[in-house]
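Take a look at the structure below.
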Amino acid sequence: MDFTEDQIRRYARHIILPEVGGTGQARLLESRVLVIGAGGLGSPVALYLAAAGVGTIGIVDDDVVDLSNLQRQILHTTGSVGMAKVQSAAETLATINPDIRVVPIRTRLNKDNIRAVIRDFPVVADGSDNFATRFLVNDACLLEGATLVSAAILRFDGQLSTYKPGGPCYRCIYREAPPEGAVPTCSSAGVLGAIAGTMGSLQATEVLKEVLGIGDGMSGRLLIYDALAVSFRTVRVRRDPGCPLCGDHPSITDLSGHGDTGHACG
């Protein structure tokens, strides 16, 4: 594609990277990425994807901005309180980069609508904050053949991995969701706001690498971050032949077994 003079200036630091160049930047501008949750993780992910020139960014969230969100959800401002998060996100991203198109999707994902939502997006970034949504997104992405970059945060810790068709999936690590209330959430246990920025930035980096086809991806690896110890460690994850979704004899072939999900806010 032919870049305008403004685009050459905007993306100059990408274009001079041999791993990206003009071809890679054109690929970014033509790409489509879905961000699930306009919250703590979705905020830095969406901001960096927009700044990078990802051409179409879908953002899914059914919630409204609350004052308690502003400690970590940097897409939103005090003036956004009471506004739909997807609307606030779209307005913020429009000020970052006029080259891109934002598709706000104000809905709560469920087994009946998620496959239609993600179908047009080859890469999905999951920033949801509950197990029901994470399992639903994982299963839907595998069934639709989408690449999933998933992150999670709680208190001072974070996790990140990428799940691709043919590789291990989320269920290879966590077979099924724990009982409701068995694991604390950010709203009950707290989270250091900057952790969302750390993990969301890493998540955005992995999304861009997947779109560009560069570097070593996180498929088959789980990154674990401990902010208090300032430590990162990587755990190898192998596809489980007995996995009910991606194993040799899968028992999950549709989404009929999923129940309701929570807010995808992170």
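Naming scheme: A, B, ... for chains in displayed order of the structure tokens; residues 1 onward per chain; ligands 1 onward as shown.
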Long-range neighbours of stretch 99-105 of chain A as a PyMOL selection string, 8 Å cut-off, only C-alpha atoms, 6 positions minimum in chain: chain A and resi 29+50+53-62+86-87+90+93
Tell me which protein, DNA and RNA residues are within 9 Å of A:Val211, counting only C-alpha atoms, leaving out same-chain ones fewer than 2 positions away, and put them as a PDB file with N, CA and C atoms, in the first residue's frame.
```pdb
ATOM      1  N   GLY A  24       5.296  -4.695   6.906  1.00  0.00           N
ATOM      2  CA  GLY A  24       4.682  -5.021   8.182  1.00  0.00           C
ATOM      3  C   GLY A  24       3.703  -3.960   8.632  1.00  0.00           C
ATOM      4  N   ARG A  27       0.599  -4.362   6.849  1.00  0.00           N
ATOM      5  CA  ARG A  27      -0.141  -5.501   7.402  1.00  0.00           C
ATOM      6  C   ARG A  27      -0.902  -5.098   8.653  1.00  0.00           C
ATOM      7  N   LEU A  28      -0.283  -4.281   9.495  1.00  0.00           N
ATOM      8  CA  LEU A  28      -0.965  -3.799  10.692  1.00  0.00           C
ATOM      9  C   LEU A  28      -2.197  -2.979  10.317  1.00  0.00           C
ATOM     10  N   SER A  31      -5.047  -5.126   9.403  1.00  0.00           N
ATOM     11  CA  SER A  31      -5.388  -6.198  10.340  1.00  0.00           C
ATOM     12  C   SER A  31      -6.643  -5.873  11.137  1.00  0.00           C
ATOM     13  N   ARG A  32      -7.198  -6.930  11.751  1.00  0.00           N
ATOM     14  CA  ARG A  32      -8.398  -6.830  12.578  1.00  0.00           C
ATOM     15  C   ARG A  32      -8.139  -7.571  13.881  1.00  0.00           C
ATOM     16  N   VAL A  33      -8.282  -6.877  15.003  1.00  0.00           N
ATOM     17  CA  VAL A  33      -8.053  -7.479  16.318  1.00  0.00           C
ATOM     18  C   VAL A  33      -9.245  -7.171  17.204  1.00  0.00           C
ATOM     19  N   PRO A 122      -9.283 -12.371  13.260  1.00  0.00           N
ATOM     20  CA  PRO A 122      -8.343 -13.495  13.328  1.00  0.00           C
ATOM     21  C   PRO A 122      -7.555 -13.564  14.628  1.00  0.00           C
ATOM     22  N   VAL A 123      -7.397 -12.407  15.307  1.00  0.00           N
ATOM     23  CA  VAL A 123      -6.653 -12.362  16.567  1.00  0.00           C
ATOM     24  C   VAL A 123      -7.537 -11.739  17.638  1.00  0.00           C
ATOM     25  N   GLU A 206       2.472  -9.165  22.232  1.00  0.00           N
ATOM     26  CA  GLU A 206       2.246 -10.492  21.659  1.00  0.00           C
ATOM     27  C   GLU A 206       1.215 -10.446  20.532  1.00  0.00           C
ATOM     28  N   VAL A 207       0.202  -9.595  20.670  1.00  0.00           N
ATOM     29  CA  VAL A 207      -0.773  -9.441  19.593  1.00  0.00           C
ATOM     30  C   VAL A 207      -0.086  -8.921  18.334  1.00  0.00           C
ATOM     31  N   LEU A 208       0.729  -7.888  18.482  1.00  0.00           N
ATOM     32  CA  LEU A 208       1.427  -7.315  17.328  1.00  0.00           C
ATOM     33  C   LEU A 208       2.368  -8.334  16.696  1.00  0.00           C
ATOM     34  N   LYS A 209       3.060  -9.117  17.504  1.00  0.00           N
ATOM     35  CA  LYS A 209       3.937 -10.164  16.968  1.00  0.00           C
ATOM     36  C   LYS A 209       3.140 -11.192  16.168  1.00  0.00           C
ATOM     37  N   GLY A 213       3.739 -11.738  12.421  1.00  0.00           N
ATOM     38  CA  GLY A 213       4.417 -13.009  12.173  1.00  0.00           C
ATOM     39  C   GLY A 213       5.896 -12.949  12.484  1.00  0.00           C
ATOM     40  N   ILE A 214       6.263 -12.274  13.571  1.00  0.00           N
ATOM     41  CA  ILE A 214       7.678 -12.131  13.925  1.00  0.00           C
ATOM     42  C   ILE A 214       7.939 -12.685  15.321  1.00  0.00           C
TER      43      ILE A 214
END
```
Those in stretch 177-237 of chain A with strand (DSSP E) from DSSP, as a list in words: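 DSSP-assigned strand (DSSP E) residues in stretch 177-237 of chain A: Arg221, Leu222, Leu223, Ile224, Tyr225, Asp226, Ser231, Phe232, Arg233, Thr234, Val235 and Arg236 of chain A.
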Residue selection dump (N, CA and C atoms) as a CSV table (one decimal), in the first residue's frame:
```csv
chain,number,residue,atom,x,y,z
A,221,ARG,N,3.7,-21.7,26.0
A,221,ARG,CA,4.4,-21.1,27.2
A,221,ARG,C,3.5,-20.3,28.0
A,222,LEU,N,3.6,-20.3,29.3
A,222,LEU,CA,2.9,-19.5,30.2
A,222,LEU,C,3.8,-18.6,31.0
A,223,LEU,N,3.6,-17.3,30.8
A,223,LEU,CA,4.5,-16.3,31.5
A,223,LEU,C,3.8,-15.9,32.8
A,224,ILE,N,4.6,-16.0,33.9
A,224,ILE,CA,4.1,-15.6,35.2
A,224,ILE,C,4.9,-14.5,35.8
A,225,TYR,N,4.3,-13.4,36.2
A,225,TYR,CA,4.9,-12.2,36.7
A,225,TYR,C,4.6,-12.0,38.1
A,226,ASP,N,5.6,-11.7,39.0
A,226,ASP,CA,5.4,-11.4,40.4
A,226,ASP,C,6.0,-10.0,40.5
A,231,SER,N,9.9,-10.5,39.3
A,231,SER,CA,10.4,-11.7,38.7
A,231,SER,C,9.5,-12.1,37.6
A,232,PHE,N,10.0,-12.6,36.5
A,232,PHE,CA,9.3,-13.3,35.5
A,232,PHE,C,9.8,-14.7,35.3
A,233,ARG,N,8.9,-15.6,35.2
A,233,ARG,CA,9.3,-17.0,34.9
A,233,ARG,C,8.3,-17.6,33.8
A,234,THR,N,8.9,-18.5,33.0
A,234,THR,CA,8.1,-19.0,32.0
A,234,THR,C,8.0,-20.5,32.2
A,235,VAL,N,6.7,-21.0,32.1
A,235,VAL,CA,6.4,-22.4,32.3
A,235,VAL,C,6.0,-23.0,30.9
A,236,ARG,N,6.6,-24.2,30.6
A,236,ARG,CA,6.3,-24.9,29.3
A,236,ARG,C,4.9,-25.5,29.5
```
Would you tabulate, counting only C-alpha atoms, all residues of stretch 131-172 of chain A that have an atom at most 9 Å from an atom of stretch 184-193 of chain A, showing the closest pair of atoms and their distance in Å to one decimal, sorted by chain then ascending number, as a Markdown table?
```
| residue | atom | partner | partner_atom | distance |
| --- | --- | --- | --- | --- |
| A:Ile153 | CA | A:Val191 | CA | 7.3 |
| A:Leu154 | CA | A:Val191 | CA | 5.3 |
| A:Arg155 | CA | A:Val191 | CA | 3.8 |
| A:Phe156 | CA | A:Leu192 | CA | 6.0 |
| A:Asp157 | CA | A:Val191 | CA | 8.4 |
```
Please produce an output containing C-alpha atoms for each residue in the selection, written as an mmCIF file, in the first residue's frame.
```
data_model
loop_
_atom_site.group_PDB
_atom_site.id
_atom_site.type_symbol
_atom_site.label_atom_id
_atom_site.label_comp_id
_atom_site.auth_asym_id
_atom_site.auth_seq_id
_atom_site.Cartn_x
_atom_site.Cartn_y
_atom_site.Cartn_z
ATOM 1 C CA ILE A 153 -4.060 -10.062 36.785
ATOM 2 C CA LEU A 154 -4.744 -10.206 40.515
ATOM 3 C CA ARG A 155 -3.184 -8.296 43.418
ATOM 4 C CA PHE A 156 0.525 -8.079 42.434
ATOM 5 C CA ASP A 157 0.627 -10.962 39.943
#
```
May I have all residues of stretch 49-228 of chain A that DSSP, computed from the backbone, assigns to alpha helix (DSSP H), given as a compact mmCIF listing (two decimals) with N, CA, C and O atoms, in the first residue's frame?
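Saved to part.txt:
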```
# COMPACT_ATOMS: atom_id res chain seq x y z
N LEU A 49 -2.43 -0.90 20.50
CA LEU A 49 -2.82 -1.37 19.16
C LEU A 49 -3.23 -0.19 18.29
O LEU A 49 -2.90 -0.15 17.10
N ALA A 50 -3.96 0.75 18.87
CA ALA A 50 -4.36 1.94 18.11
C ALA A 50 -3.13 2.75 17.69
O ALA A 50 -3.01 3.17 16.53
N ALA A 51 -2.22 2.97 18.62
CA ALA A 51 -1.01 3.73 18.30
C ALA A 51 -0.18 3.03 17.24
O ALA A 51 0.46 3.68 16.40
N ALA A 52 -0.18 1.70 17.25
CA ALA A 52 0.60 0.92 16.28
C ALA A 52 -0.02 0.93 14.90
O ALA A 52 0.64 0.55 13.92
N LYS A 85 -18.48 1.87 28.51
CA LYS A 85 -17.03 1.74 28.35
C LYS A 85 -16.62 1.68 26.89
O LYS A 85 -15.58 2.23 26.50
N VAL A 86 -17.42 1.01 26.05
CA VAL A 86 -17.03 0.91 24.64
C VAL A 86 -17.11 2.28 23.97
O VAL A 86 -16.31 2.58 23.07
N GLN A 87 -18.04 3.11 24.38
CA GLN A 87 -18.14 4.46 23.82
C GLN A 87 -16.96 5.31 24.27
O GLN A 87 -16.33 6.01 23.47
N SER A 88 -16.64 5.24 25.57
CA SER A 88 -15.49 5.96 26.09
C SER A 88 -14.22 5.51 25.39
O SER A 88 -13.37 6.34 25.01
N ALA A 89 -14.07 4.19 25.21
CA ALA A 89 -12.88 3.65 24.55
C ALA A 89 -12.78 4.15 23.12
O ALA A 89 -11.71 4.57 22.66
N ALA A 90 -13.88 4.11 22.39
CA ALA A 90 -13.87 4.55 21.00
C ALA A 90 -13.48 6.01 20.87
O ALA A 90 -12.71 6.39 19.99
N GLU A 91 -13.99 6.85 21.78
CA GLU A 91 -13.66 8.27 21.74
C GLU A 91 -12.18 8.51 22.05
O GLU A 91 -11.52 9.34 21.40
N THR A 92 -11.65 7.77 23.02
CA THR A 92 -10.23 7.93 23.36
C THR A 92 -9.35 7.49 22.21
O THR A 92 -8.39 8.18 21.84
N LEU A 93 -9.64 6.32 21.63
CA LEU A 93 -8.80 5.79 20.56
C LEU A 93 -8.85 6.65 19.31
O LEU A 93 -7.85 6.76 18.58
N ALA A 94 -9.98 7.30 19.08
CA ALA A 94 -10.10 8.19 17.92
C ALA A 94 -9.14 9.38 18.04
O ALA A 94 -8.67 9.92 17.03
N THR A 95 -8.86 9.78 19.28
CA THR A 95 -7.92 10.89 19.47
C THR A 95 -6.47 10.43 19.34
O THR A 95 -5.58 11.25 19.11
N ILE A 96 -6.23 9.13 19.49
CA ILE A 96 -4.88 8.59 19.39
C ILE A 96 -4.46 8.47 17.93
O ILE A 96 -3.34 8.81 17.55
N ILE A 114 -21.08 -15.25 20.96
CA ILE A 114 -19.64 -15.02 20.89
C ILE A 114 -19.02 -15.44 19.56
O ILE A 114 -18.15 -14.74 19.02
N ARG A 115 -19.47 -16.53 18.99
CA ARG A 115 -18.84 -16.98 17.74
C ARG A 115 -19.09 -15.98 16.62
O ARG A 115 -18.19 -15.72 15.80
N ALA A 116 -20.27 -15.39 16.59
CA ALA A 116 -20.56 -14.37 15.58
C ALA A 116 -19.72 -13.12 15.82
O ALA A 116 -19.28 -12.46 14.86
N VAL A 117 -19.46 -12.80 17.10
CA VAL A 117 -18.68 -11.60 17.42
C VAL A 117 -17.23 -11.76 16.98
O VAL A 117 -16.63 -10.85 16.38
N ILE A 118 -16.61 -12.91 17.26
CA ILE A 118 -15.19 -13.07 16.99
C ILE A 118 -14.90 -13.53 15.56
O ILE A 118 -13.74 -13.49 15.13
N PHE A 131 -13.43 -16.41 35.28
CA PHE A 131 -13.15 -17.68 34.63
C PHE A 131 -14.22 -18.06 33.61
O PHE A 131 -13.91 -18.64 32.56
N ALA A 132 -15.47 -17.74 33.88
CA ALA A 132 -16.53 -18.11 32.94
C ALA A 132 -16.28 -17.50 31.57
O ALA A 132 -16.41 -18.18 30.53
N THR A 133 -15.90 -16.23 31.53
CA THR A 133 -15.63 -15.58 30.26
C THR A 133 -14.36 -16.13 29.62
O THR A 133 -14.32 -16.37 28.40
N ARG A 134 -13.33 -16.37 30.41
CA ARG A 134 -12.07 -16.88 29.85
C ARG A 134 -12.27 -18.24 29.19
O ARG A 134 -11.74 -18.50 28.10
N PHE A 135 -13.01 -19.12 29.83
CA PHE A 135 -13.25 -20.43 29.23
C PHE A 135 -14.11 -20.30 27.98
O PHE A 135 -13.87 -20.98 26.98
N LEU A 136 -15.12 -19.44 28.03
CA LEU A 136 -15.97 -19.24 26.86
C LEU A 136 -15.15 -18.70 25.69
O LEU A 136 -15.28 -19.19 24.54
N VAL A 137 -14.30 -17.71 25.94
CA VAL A 137 -13.49 -17.12 24.88
C VAL A 137 -12.51 -18.15 24.32
O VAL A 137 -12.32 -18.28 23.11
N ASN A 138 -11.86 -18.90 25.20
CA ASN A 138 -10.94 -19.94 24.76
C ASN A 138 -11.63 -20.94 23.83
O ASN A 138 -11.12 -21.26 22.74
N ASP A 139 -12.77 -21.44 24.25
CA ASP A 139 -13.46 -22.46 23.46
C ASP A 139 -13.93 -21.89 22.13
O ASP A 139 -13.79 -22.54 21.08
N ALA A 140 -14.47 -20.68 22.15
CA ALA A 140 -14.97 -20.07 20.92
C ALA A 140 -13.84 -19.79 19.94
O ALA A 140 -13.99 -20.01 18.73
N CYS A 141 -12.71 -19.31 20.45
CA CYS A 141 -11.58 -19.02 19.56
C CYS A 141 -11.07 -20.28 18.89
O CYS A 141 -10.77 -20.28 17.69
N LEU A 142 -10.96 -21.37 19.65
CA LEU A 142 -10.49 -22.60 19.04
C LEU A 142 -11.48 -23.10 17.99
O LEU A 142 -11.09 -23.51 16.90
N LEU A 143 -12.77 -23.05 18.30
CA LEU A 143 -13.77 -23.52 17.35
C LEU A 143 -13.81 -22.66 16.09
O LEU A 143 -14.13 -23.15 15.01
N GLU A 144 -13.47 -21.37 16.23
CA GLU A 144 -13.47 -20.45 15.08
C GLU A 144 -12.11 -20.34 14.40
O GLU A 144 -11.98 -19.66 13.39
N TYR A 170 -6.25 -23.12 26.66
CA TYR A 170 -6.41 -22.74 28.07
C TYR A 170 -6.82 -23.95 28.92
O TYR A 170 -6.40 -24.08 30.08
N ARG A 171 -7.62 -24.85 28.34
CA ARG A 171 -8.07 -26.03 29.09
C ARG A 171 -6.95 -27.04 29.30
O ARG A 171 -7.09 -27.95 30.13
N CYS A 172 -5.85 -26.93 28.56
CA CYS A 172 -4.72 -27.81 28.82
C CYS A 172 -4.02 -27.43 30.12
O CYS A 172 -3.31 -28.24 30.72
N ILE A 173 -4.22 -26.17 30.56
CA ILE A 173 -3.66 -25.71 31.83
C ILE A 173 -4.70 -25.82 32.95
O ILE A 173 -4.42 -26.35 34.03
N CYS A 186 -10.45 -9.29 41.29
CA CYS A 186 -9.86 -7.98 41.59
C CYS A 186 -10.75 -7.15 42.49
O CYS A 186 -10.27 -6.41 43.35
N SER A 187 -12.06 -7.28 42.33
CA SER A 187 -12.97 -6.49 43.14
C SER A 187 -12.99 -6.94 44.59
O SER A 187 -13.26 -6.15 45.50
N SER A 188 -12.65 -8.21 44.84
CA SER A 188 -12.67 -8.70 46.22
C SER A 188 -11.28 -8.73 46.86
O SER A 188 -11.14 -8.57 48.06
N ALA A 189 -10.24 -8.94 46.03
CA ALA A 189 -8.88 -9.07 46.58
C ALA A 189 -7.99 -7.89 46.25
O ALA A 189 -6.93 -7.72 46.84
N GLY A 193 -2.80 -1.03 40.34
CA GLY A 193 -3.21 -0.55 39.03
C GLY A 193 -2.16 -0.70 37.95
O GLY A 193 -2.46 -1.05 36.80
N ALA A 194 -0.90 -0.45 38.30
CA ALA A 194 0.16 -0.50 37.30
C ALA A 194 0.40 -1.91 36.76
O ALA A 194 0.97 -2.07 35.68
N ILE A 195 -0.03 -2.95 37.52
CA ILE A 195 0.11 -4.33 37.03
C ILE A 195 -0.67 -4.49 35.73
O ILE A 195 -0.25 -5.20 34.81
N ALA A 196 -1.84 -3.84 35.64
CA ALA A 196 -2.62 -3.92 34.41
C ALA A 196 -1.83 -3.34 33.24
O ALA A 196 -1.89 -3.86 32.12
N GLY A 197 -1.08 -2.26 33.51
CA GLY A 197 -0.26 -1.68 32.45
C GLY A 197 0.87 -2.60 32.03
O GLY A 197 1.17 -2.74 30.83
N THR A 198 1.51 -3.25 32.99
CA THR A 198 2.60 -4.17 32.68
C THR A 198 2.11 -5.33 31.82
O THR A 198 2.66 -5.62 30.75
N MET A 199 1.07 -6.00 32.28
CA MET A 199 0.59 -7.18 31.57
C MET A 199 -0.12 -6.81 30.27
O MET A 199 -0.02 -7.52 29.26
N GLY A 200 -0.85 -5.68 30.29
CA GLY A 200 -1.52 -5.26 29.07
C GLY A 200 -0.53 -4.88 27.98
O GLY A 200 -0.75 -5.15 26.80
N SER A 201 0.60 -4.27 28.36
CA SER A 201 1.63 -3.94 27.39
C SER A 201 2.27 -5.19 26.80
O SER A 201 2.52 -5.28 25.60
N LEU A 202 2.53 -6.17 27.67
CA LEU A 202 3.05 -7.45 27.17
C LEU A 202 2.04 -8.13 26.25
O LEU A 202 2.40 -8.69 25.21
N GLN A 203 0.78 -8.05 26.62
CA GLN A 203 -0.27 -8.65 25.81
C GLN A 203 -0.35 -7.97 24.44
O GLN A 203 -0.45 -8.65 23.40
N ALA A 204 -0.29 -6.66 24.42
CA ALA A 204 -0.30 -5.93 23.15
C ALA A 204 0.90 -6.31 22.29
O ALA A 204 0.78 -6.46 21.06
N THR A 205 2.06 -6.46 22.91
CA THR A 205 3.25 -6.86 22.17
C THR A 205 3.05 -8.22 21.50
O THR A 205 3.40 -8.40 20.32
N GLU A 206 2.47 -9.16 22.23
CA GLU A 206 2.25 -10.49 21.66
C GLU A 206 1.22 -10.45 20.53
O GLU A 206 1.34 -11.18 19.54
N VAL A 207 0.20 -9.59 20.67
CA VAL A 207 -0.77 -9.44 19.59
C VAL A 207 -0.09 -8.92 18.33
O VAL A 207 -0.29 -9.44 17.22
N LEU A 208 0.73 -7.89 18.48
CA LEU A 208 1.43 -7.32 17.33
C LEU A 208 2.37 -8.33 16.70
O LEU A 208 2.47 -8.42 15.46
N LYS A 209 3.06 -9.12 17.50
CA LYS A 209 3.94 -10.16 16.97
C LYS A 209 3.14 -11.19 16.17
O LYS A 209 3.59 -11.65 15.10
N GLU A 210 1.96 -11.55 16.66
CA GLU A 210 1.13 -12.52 15.94
C GLU A 210 0.65 -11.94 14.61
O GLU A 210 0.65 -12.63 13.59
N VAL A 211 0.25 -10.68 14.62
CA VAL A 211 -0.21 -10.05 13.37
C VAL A 211 0.93 -9.95 12.37
O VAL A 211 0.77 -10.23 11.17
N LEU A 212 2.11 -9.58 12.85
CA LEU A 212 3.27 -9.39 11.98
C LEU A 212 3.96 -10.70 11.62
O LEU A 212 4.73 -10.75 10.65
```
Selection: 10 Å around A:Cys243, only C-alpha atoms, excl. self and same-chain fewer than 4 positions, as number ranges by chain: A: 168-175, 239, 247-252
Å distance separating atom CA of A:Pro44 from atom CA of A:Gln73, one decimal place: 8.1 Å
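Relative to atom CA of A:Gly158, atom CA of A:Leu41 is found at 10.5 Å.
Atom CA of A:Leu75 is found 24.6 Å from atom CA of A:Ala12.
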